[in-house]
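Participant: File name structure_25.pdb; file contents PDB, C-alpha atoms, pLDDT in the B column; full text below.
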ATOM      1  CA  MET A   1      -3.156 -10.467 -10.323  1.00 95.00           C
ATOM      2  CA  THR A   2      -3.866  -6.856 -11.253  1.00 95.00           C
ATOM      3  CA  ILE A   3      -3.975  -4.023  -8.746  1.00 97.00           C
ATOM      4  CA  GLN A   4      -7.763  -3.912  -9.102  1.00 96.00           C
ATOM      5  CA  GLU A   5      -8.060  -7.665  -8.541  1.00 97.00           C
ATOM      6  CA  PHE A   6      -5.963  -7.347  -5.394  1.00 98.00           C
ATOM      7  CA  GLN A   7      -8.044  -4.438  -4.120  1.00 98.00           C
ATOM      8  CA  ASN A   8     -11.241  -6.415  -4.794  1.00 98.00           C
ATOM      9  CA  LEU A   9      -9.836  -9.442  -2.956  1.00 98.00           C
ATOM     10  CA  ILE A  10      -8.888  -7.347   0.072  1.00 98.00           C
ATOM     11  CA  GLU A  11     -12.398  -5.856   0.041  1.00 98.00           C
ATOM     12  CA  ARG A  12     -13.960  -9.325   0.064  1.00 98.00           C
ATOM     13  CA  ILE A  13     -11.712 -10.425   2.932  1.00 98.00           C
ATOM     14  CA  TYR A  14     -11.716  -7.345   5.174  1.00 97.00           C
ATOM     15  CA  PHE A  15     -14.067  -4.560   4.018  1.00 97.00           C
ATOM     16  CA  GLU A  16     -16.867  -5.150   6.532  1.00 97.00           C
ATOM     17  CA  ARG A  17     -14.464  -5.176   9.490  1.00 96.00           C
ATOM     18  CA  ASP A  18     -12.451  -2.221   8.177  1.00 96.00           C
ATOM     19  CA  ALA A  19     -15.576  -0.166   7.465  1.00 97.00           C
ATOM     20  CA  GLY A  20     -16.730  -0.787  11.021  1.00 98.00           C
ATOM     21  CA  ARG A  21     -13.368   0.413  12.339  1.00 97.00           C
ATOM     22  CA  GLY A  22     -13.534   3.550  10.187  1.00 97.00           C
ATOM     23  CA  VAL A  23     -10.976   5.436   8.141  1.00 98.00           C
ATOM     24  CA  ASP A  24      -9.138   7.111  11.031  1.00 98.00           C
ATOM     25  CA  ARG A  25      -8.489   3.923  12.993  1.00 97.00           C
ATOM     26  CA  THR A  26      -7.715   1.965   9.830  1.00 98.00           C
ATOM     27  CA  PHE A  27      -5.148   4.600   8.901  1.00 98.00           C
ATOM     28  CA  VAL A  28      -3.455   4.054  12.274  1.00 98.00           C
ATOM     29  CA  TRP A  29      -3.177   0.322  11.468  1.00 97.00           C
ATOM     30  CA  PHE A  30      -1.728   1.224   8.054  1.00 98.00           C
ATOM     31  CA  ALA A  31       0.845   3.496   9.690  1.00 98.00           C
ATOM     32  CA  GLU A  32       1.829   0.695  12.087  1.00 98.00           C
ATOM     33  CA  GLU A  33       2.386  -1.632   9.131  1.00 98.00           C
ATOM     34  CA  VAL A  34       4.572   0.978   7.424  1.00 98.00           C
ATOM     35  CA  GLY A  35       6.581   1.138  10.640  1.00 98.00           C
ATOM     36  CA  GLU A  36       7.003  -2.644  10.647  1.00 98.00           C
ATOM     37  CA  LEU A  37       8.190  -2.473   7.032  1.00 98.00           C
ATOM     38  CA  ALA A  38      10.684   0.225   7.990  1.00 98.00           C
ATOM     39  CA  LYS A  39      12.076  -2.011  10.743  1.00 97.00           C
ATOM     40  CA  GLU A  40      12.505  -4.895   8.294  1.00 97.00           C
ATOM     41  CA  ILE A  41      14.221  -2.659   5.755  1.00 97.00           C
ATOM     42  CA  ARG A  42      16.723  -1.498   8.391  1.00 97.00           C
ATOM     43  CA  ARG A  43      17.303  -4.973   9.844  1.00 96.00           C
ATOM     44  CA  GLN A  44      20.666  -6.548   9.058  1.00 95.00           C
ATOM     45  CA  PRO A  45      20.873  -9.061   7.643  1.00 95.00           C
ATOM     46  CA  GLN A  46      17.631  -8.590   5.748  1.00 94.00           C
ATOM     47  CA  ASN A  47      15.213 -11.491   5.517  1.00 96.00           C
ATOM     48  CA  ALA A  48      13.626 -11.667   2.048  1.00 97.00           C
ATOM     49  CA  ASP A  49      10.557 -13.559   3.286  1.00 97.00           C
ATOM     50  CA  ARG A  50       9.872 -11.045   6.064  1.00 97.00           C
ATOM     51  CA  LEU A  51      10.354  -8.125   3.665  1.00 97.00           C
ATOM     52  CA  ARG A  52       7.875  -9.683   1.236  1.00 98.00           C
ATOM     53  CA  GLU A  53       5.352 -10.198   4.039  1.00 98.00           C
ATOM     54  CA  GLU A  54       5.681  -6.622   5.290  1.00 98.00           C
ATOM     55  CA  PHE A  55       5.331  -5.200   1.766  1.00 98.00           C
ATOM     56  CA  ALA A  56       2.203  -7.350   1.318  1.00 98.00           C
ATOM     57  CA  ASP A  57       0.761  -6.083   4.614  1.00 98.00           C
ATOM     58  CA  VAL A  58       1.380  -2.445   3.664  1.00 98.00           C
ATOM     59  CA  PHE A  59      -0.191  -2.995   0.247  1.00 98.00           C
ATOM     60  CA  ALA A  60      -3.237  -4.697   1.818  1.00 98.00           C
ATOM     61  CA  TRP A  61      -3.791  -1.862   4.313  1.00 98.00           C
ATOM     62  CA  LEU A  62      -3.306   0.737   1.555  1.00 98.00           C
ATOM     63  CA  SER A  63      -5.901  -1.132  -0.510  1.00 98.00           C
ATOM     64  CA  THR A  64      -8.307  -1.140   2.421  1.00 97.00           C
ATOM     65  CA  LEU A  65      -7.921   2.600   2.909  1.00 98.00           C
ATOM     66  CA  ALA A  66      -8.448   3.223  -0.785  1.00 98.00           C
ATOM     67  CA  SER A  67     -11.624   1.131  -0.737  1.00 98.00           C
ATOM     68  CA  LEU A  68     -12.953   2.908   2.345  1.00 98.00           C
ATOM     69  CA  LEU A  69     -12.387   6.221   0.553  1.00 98.00           C
ATOM     70  CA  ASN A  70     -13.788   4.999  -2.805  1.00 98.00           C
ATOM     71  CA  VAL A  71     -10.437   5.251  -4.591  1.00 98.00           C
ATOM     72  CA  ASP A  72      -9.660   2.722  -7.334  1.00 98.00           C
ATOM     73  CA  LEU A  73      -5.941   1.967  -6.896  1.00 97.00           C
ATOM     74  CA  GLY A  74      -5.645   0.777 -10.499  1.00 96.00           C
ATOM     75  CA  ASP A  75      -6.992   4.119 -11.659  1.00 97.00           C
ATOM     76  CA  ALA A  76      -4.715   5.970  -9.223  1.00 97.00           C
ATOM     77  CA  ALA A  77      -1.677   4.091 -10.575  1.00 96.00           C
ATOM     78  CA  ARG A  78      -2.457   5.344 -14.075  1.00 95.00           C
ATOM     79  CA  ILE A  79      -1.281   8.791 -12.952  1.00 96.00           C
ATOM     80  CA  TYR A  80       2.231   7.367 -13.523  1.00 96.00           C
ATOM     81  CA  ALA A  81       1.449   5.669 -16.858  1.00 95.00           C
ATOM     82  CA  ASP A  82       3.345   8.289 -18.866  1.00 94.00           C
ATOM     83  CA  GLY A  83       6.232   8.578 -16.419  1.00 96.00           C
ATOM     84  CA  CYS A  84       6.743  11.214 -13.768  1.00 96.00           C
ATOM     85  CA  PRO A  85       3.437  13.082 -13.325  1.00 95.00           C
ATOM     86  CA  LYS A  86       5.317  16.405 -13.243  1.00 95.00           C
ATOM     87  CA  CYS A  87       7.919  16.162 -16.021  1.00 94.00           C
ATOM     88  CA  GLU A  88       6.464  13.065 -17.782  1.00 93.00           C
ATOM     89  CA  PHE A  89       9.934  11.579 -18.262  1.00 95.00           C
ATOM     90  CA  VAL A  90      11.229   8.107 -17.449  1.00 96.00           C
ATOM     91  CA  PRO A  91      13.423   8.387 -15.488  1.00 95.00           C
ATOM     92  CA  CYS A  92      12.234  11.582 -13.804  1.00 95.00           C
ATOM     93  CA  THR A  93      14.215  14.693 -14.722  1.00 94.00           C
ATOM     94  CA  CYS A  94      12.614  17.057 -12.200  1.00 94.00           C
ATOM     95  CA  PRO A  95      15.252  19.205 -10.503  1.00 92.00           C
ATOM     96  CA  GLY A  96      16.124  18.196  -6.964  1.00 81.00           C
ATOM     97  CA  TYR A  97      15.066  14.542  -7.238  1.00 66.00           C
ATOM     98  CA  SER A  98      18.409  12.784  -7.543  1.00 60.00           C
TER      99      SER A  98
END
What does this structure look like when you write it as structure tokens?
Facilitator:
Amino acid sequence: MTIQEFQNLIERIYFERDAGRGVDRTFVWFAEEVGELAKEIRRQPQNADRLREEFADVFAWLSTLASLLNVDLGDAARIYADGCPKCEFVPCTCPGYS
């Protein structure tokens, strides 16, 4: 599945509800999901299934926010197509990013 296909799927599943909630409240839900992912990352021992689920939730909420704001995530990802958007190298050679 491409990024655009995923974003379209999330729109079909949730867009009406998310649009009714609005961007501000949807962003709060997104932030909560990022917090849940952070907890799973810090948990020892890590559970691969839970990590996968939390990453999926964060990606779904990010997709919802992008859709609400008319941002195509596939297009946004292309900013990195040539490497680092600042230095354009892979890996990044920008100073201070080690």
Participant: Report as an mmCIF file with C-alpha atoms, in the coordinates of the input the residues that result from applying the PyMOL selection byres ((chain A and resi 26) around 12) to the structure here.
Facilitator:
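Output contents, as saved in selection35.cif:
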data_model
loop_
_atom_site.group_PDB
_atom_site.id
_atom_site.type_symbol
_atom_site.label_atom_id
_atom_site.label_comp_id
_atom_site.auth_asym_id
_atom_site.auth_seq_id
_atom_site.Cartn_x
_atom_site.Cartn_y
_atom_site.Cartn_z
ATOM 1 C CA TYR A 14 -11.716 -7.345 5.174
ATOM 2 C CA PHE A 15 -14.067 -4.560 4.018
ATOM 3 C CA ARG A 17 -14.464 -5.176 9.490
ATOM 4 C CA ASP A 18 -12.451 -2.221 8.177
ATOM 5 C CA ALA A 19 -15.576 -0.166 7.465
ATOM 6 C CA GLY A 20 -16.730 -0.787 11.021
ATOM 7 C CA ARG A 21 -13.368 0.413 12.339
ATOM 8 C CA GLY A 22 -13.534 3.550 10.187
ATOM 9 C CA VAL A 23 -10.976 5.436 8.141
ATOM 10 C CA ASP A 24 -9.138 7.111 11.031
ATOM 11 C CA ARG A 25 -8.489 3.923 12.993
ATOM 12 C CA PHE A 27 -5.148 4.600 8.901
ATOM 13 C CA VAL A 28 -3.455 4.054 12.274
ATOM 14 C CA TRP A 29 -3.177 0.322 11.468
ATOM 15 C CA PHE A 30 -1.728 1.224 8.054
ATOM 16 C CA ALA A 31 0.845 3.496 9.690
ATOM 17 C CA GLU A 32 1.829 0.695 12.087
ATOM 18 C CA GLU A 33 2.386 -1.632 9.131
ATOM 19 C CA VAL A 58 1.380 -2.445 3.664
ATOM 20 C CA ALA A 60 -3.237 -4.697 1.818
ATOM 21 C CA TRP A 61 -3.791 -1.862 4.313
ATOM 22 C CA LEU A 62 -3.306 0.737 1.555
ATOM 23 C CA SER A 63 -5.901 -1.132 -0.510
ATOM 24 C CA THR A 64 -8.307 -1.140 2.421
ATOM 25 C CA LEU A 65 -7.921 2.600 2.909
ATOM 26 C CA ALA A 66 -8.448 3.223 -0.785
ATOM 27 C CA SER A 67 -11.624 1.131 -0.737
ATOM 28 C CA LEU A 68 -12.953 2.908 2.345
ATOM 29 C CA LEU A 69 -12.387 6.221 0.553
#
Participant: Could I get the residues of stretch 2-54 of chain A with an atom no further than 12 Å from an atom of stretch 75-78 of chain A, each paired with its nearest atom pair and that distance in Å to one decimal, using all atoms listed in the file, sorted by chain and residue number, as JSON lines?
Facilitator:
{"residue": "A:Thr2", "atom": "CA", "partner": "A:Ala77", "partner_atom": "CA", "distance": 11.2}
{"residue": "A:Ile3", "atom": "CA", "partner": "A:Ala77", "partner_atom": "CA", "distance": 8.6}
{"residue": "A:Gln4", "atom": "CA", "partner": "A:Asp75", "partner_atom": "CA", "distance": 8.5}
{"residue": "A:Gln7", "atom": "CA", "partner": "A:Asp75", "partner_atom": "CA", "distance": 11.5}
Participant: When you draw a straight line from atom CA of A:Gly96 to atom CA of A:Cys84, how long is it in Å?
Facilitator: 13.5 Å
Participant: Which centre and edge lengths in Å to one decimal define the box along x, y and z that fits every listed atom of stretch 8-25 of chain A plus 5 Å per side, as JSON?
Facilitator:
{"center_x": -12.7, "center_y": -1.7, "center_z": 4.1, "size_x": 18.4, "size_y": 27.5, "size_z": 27.8}
Participant: For a quick check of understanding, using only C-alpha atoms, which of A:Cys87, A:Leu37, A:Ile79, A:Leu73 has the smallest distance to A:Asp57?
Facilitator: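 When distances to A:Asp57 are compared using only C-alpha atoms, the smallest one comes from A:Leu37.
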Participant: In Å, with one decimal, what is the gap from atom CA of A:Arg42 to atom CA of A:Pro91?
Facilitator: 26.1 Å
Participant: Atom CA of A:Arg43 to atom CA of A:Ala56: how many Å, to one decimal?
Facilitator: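 If I compute the distance from atom CA of A:Arg43 to atom CA of A:Ala56, I get 17.5 Å.
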Participant: Quick one: residues within 12 Å of A:Cys94, all atoms listed in the file, excluding same-chain residues fewer than 4 positions away - as a PDB file with C-alpha atoms, keeping the file's coordinate frame?
Facilitator:
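Once everything was written out, this is part-v9.pdb:
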ATOM      1  CA  GLY A  83       6.232   8.578 -16.419  1.00 96.00           C
ATOM      2  CA  CYS A  84       6.743  11.214 -13.768  1.00 96.00           C
ATOM      3  CA  PRO A  85       3.437  13.082 -13.325  1.00 95.00           C
ATOM      4  CA  LYS A  86       5.317  16.405 -13.243  1.00 95.00           C
ATOM      5  CA  CYS A  87       7.919  16.162 -16.021  1.00 94.00           C
ATOM      6  CA  GLU A  88       6.464  13.065 -17.782  1.00 93.00           C
ATOM      7  CA  PHE A  89       9.934  11.579 -18.262  1.00 95.00           C
ATOM      8  CA  VAL A  90      11.229   8.107 -17.449  1.00 96.00           C
ATOM      9  CA  SER A  98      18.409  12.784  -7.543  1.00 60.00           C
TER      10      SER A  98
END
Participant: Pick out the residues sitting within 10 Å of A:Phe55, and hand them over as a list of chain:residue names; count all atoms listed in the file, and ignore anything fewer than 6 positions along from it in its own chain.
Facilitator: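 Final neighbour list, sorted by chain and number: A:Glu33, A:Val34, A:Glu36, A:Leu37, A:Ala38, A:Glu40, A:Asp49.
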